[in-house]
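A.B. asks: Following this message is one structure expressed as structure tokens.
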Amino acid sequence: MIPVASERELRHAVAKWRGRGERIGFVPTMGALHAGHLSLVELARKHASRVVVSIFVNPTQFGPGEDFARYPRDVDGDAAKLAAAGCDLLFLPEVETIYPPGATTRVRVEGPSRGFEGDCRPGHFEGVATVVAGLFGLVRPDVAVFGEKDAQQLAVVRALVRDLHLAIEIVPGPIVREEDGLAMSSRNVYLGAPERRAATVLQRSLAAARAAVEAGERDPARLVDRLAAQIAAEPLAHLEYAAVVAADTFRPVERIAGDVVIPVAARFGSTRLLDNARLRVE
Ligand code: AMP
């Protein structure tokens with residue numbers, strides 16, 4: 001695996017592969033890698049002959065007072081995991097490489113950026129869309145893999161690629177969970193033991209919601225009420241939102257049908273966690 005920091009070295013390595021007719025896969029991350037990230041690398045391997053992974057803690061997607069400064073960082077540990085997972089090139093850009101001096105372009109994706117994370121974290125998706133567009137321009141992948149863990153982000157990236165005609169195949173990776181069901185996240189390390197135990201309520205409430213839909217429930221309001229009540233019964237959980245949305249637009253649905261996502265966000269102490277269930281309802 002080649003570690004690369006500069007745009008020149010990145011472009012050189014990727015151009016060499018492309019010249020040989022290879023297909024380039026890309027997995028953007030913020031590091032502090034866990035098995036969820038590594039599953040995306042393995043998935044990228046199935047869709048491409050070369051896999052590029054970036055680690056970049058993107059300042060523009062963090063709001064004031066968020067955890068940018070204390071976001072977990074472990075580049076050496078990450079590099080070892082990526083080499084073992086079959087990554088060919090690890091891109092570790094500096095802020096100035098992603099945002100050249102004088103950079104004035106910001107990418108705003110309307111539609112799926114609205115509501116939910118877009119409301120709770122103003123400016124977040126503009127930061128995400130801007131960094132993803134920049135990384136796509138640098139790496140120029142044929143295929144990029146994004147986790148369903150961040151379902152709204154996935155919808156934003158799909159809209160970005162469609163609207164800017166980027167000719168990049170977006171492949172979604174299923175959520176990887178801890179043994180007790182908690183969705184893996186670099187932020188789980190912030191949880192104290194009581195919050196860590198309480199956090200499993202997200203997966204339990206989503207599993208119950210999934211079961212209710214499988215048993216025939218089609219009313220999103222009733223489903224969300226039950227889900228919210230289950231989360232409220234956990235004293236350490238503070239629900240921020242729960243809804244049933246169309247997977248592509250992230251707009252709330254009036255009836256549960258088609259490809260839908262049930263996104264939830266809750267705070268456990270000072271730690272915000274996201275989870276969701278994706279359902280295809282005929
Ligand atoms: P991050 O490093 O948090 O920006 O995440 C990088 C990528 O990994 C994103 O596409 C996430 O959706 C994905 N990801 C994060 N956690 C998981 C997980 N538990 N399972 C699958 N993918 C994940």
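Residues in the structure tokens are numbered from 1 in each chain, the chains being A, B, ... in the order shown, and ligands are numbered from 1 in the order shown.
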Check every protein, DNA and RNA residue against ligand 1, keep those with an atom at most 6 Å away (counting only C-alpha atoms and all ligand atoms), and present them as a list in words.
C.D. replies: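 What falls inside 6 Å of ligand 1 is Pro28, Thr29, Met30, Gly31, Gly36, His37, Phe146, Gly147, Glu148, Lys149, Asp150, Gly173, Pro174, Ile175, Val176, Arg177, Ala183, Met184 and Ser185 of chain A.
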A.B. asks: Tell me which protein, DNA and RNA residues are within 7 Å of stretch 61-63 of chain A, counting only C-alpha atoms, leaving out same-chain ones fewer than 5 positions away, and put them as a list in words.
C.D. replies: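 Contacts, in chain order: Phe68, Arg121, Gly123, His124, Phe125, Gly127 and Val128 of chain A.
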A.B. asks: Would you please give, as a PyMOL selection string, all residues of stretch 51-269 of chain A that DSSP assigns to helix (DSSP H, G or I) based on the backbone?
C.D. replies: chain A and resi 59-61+75-85+95-98+117-120+124-139+148-163+186-190+193-198+200-214+220-232
A.B. asks: Per residue of stretch 64-121 of chain A within 12 Å of stretch 266-272 of chain A, record the nearest atom pair and its distance in Å to one decimal, counting only C-alpha atoms, with rows in chain order and ascending residue number, as a Markdown table.
C.D. replies:
```
| residue | atom | partner | partner_atom | distance |
| --- | --- | --- | --- | --- |
| A:Gly65 | CA | A:Ser270 | CA | 11.6 |
| A:Glu66 | CA | A:Thr271 | CA | 10.3 |
| A:Asp67 | CA | A:Thr271 | CA | 9.7 |
| A:Tyr71 | CA | A:Thr271 | CA | 11.8 |
| A:Phe116 | CA | A:Ala266 | CA | 11.3 |
| A:Glu117 | CA | A:Arg272 | CA | 10.9 |
| A:Cys120 | CA | A:Arg272 | CA | 10.5 |
| A:Arg121 | CA | A:Arg272 | CA | 11.2 |
```
A.B. asks: Identify, with DSSP run on backbone atoms, the residues in stretch 6-213 of chain A assigned to strand (DSSP E), and express the list as a ChimeraX atom specification.
C.D. replies: /A:24-29,50-55,89-91,143-147,169-173
A.B. asks: Please measure the separation of atom CA of A:Glu282 and atom CA of A:Glu169, giving the value in Å to one decimal.
C.D. replies: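 These atoms are spaced 25.5 Å apart.
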A.B. asks: Nearest to A:Gly86: which of A:Arg218, A:Phe26, A:Met1, A:Ser113 is it, counting only C-alpha atoms?
C.D. replies: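 For A:Gly86, the nearest of the given residues is A:Met1.
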A.B. asks: I'd like the contact shell of A:Val75 - 10 Å cut-off, only C-alpha atoms, skipping same-chain residues fewer than 5 positions apart - returned as number ranges by chain.
C.D. replies: A: 31-33, 55, 80-81, 92
A.B. asks: Please determine, counting only C-alpha atoms, which residue among A:Phe136, A:Ala277, A:Thr60, A:Ala144 has the shortest atom-to-atom distance to A:Arg106.
C.D. replies: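 For A:Arg106, the nearest of the given residues is A:Thr60.
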A.B. asks: Return the single residue from A:Ile98, A:Ala155, A:Val41, A:Ala103 that is closest to A:Ala133, with distances computed using only C-alpha atoms.
C.D. replies: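 Nearest candidate to A:Ala133 out of A:Ile98, A:Ala155, A:Val41, A:Ala103: A:Ile98.
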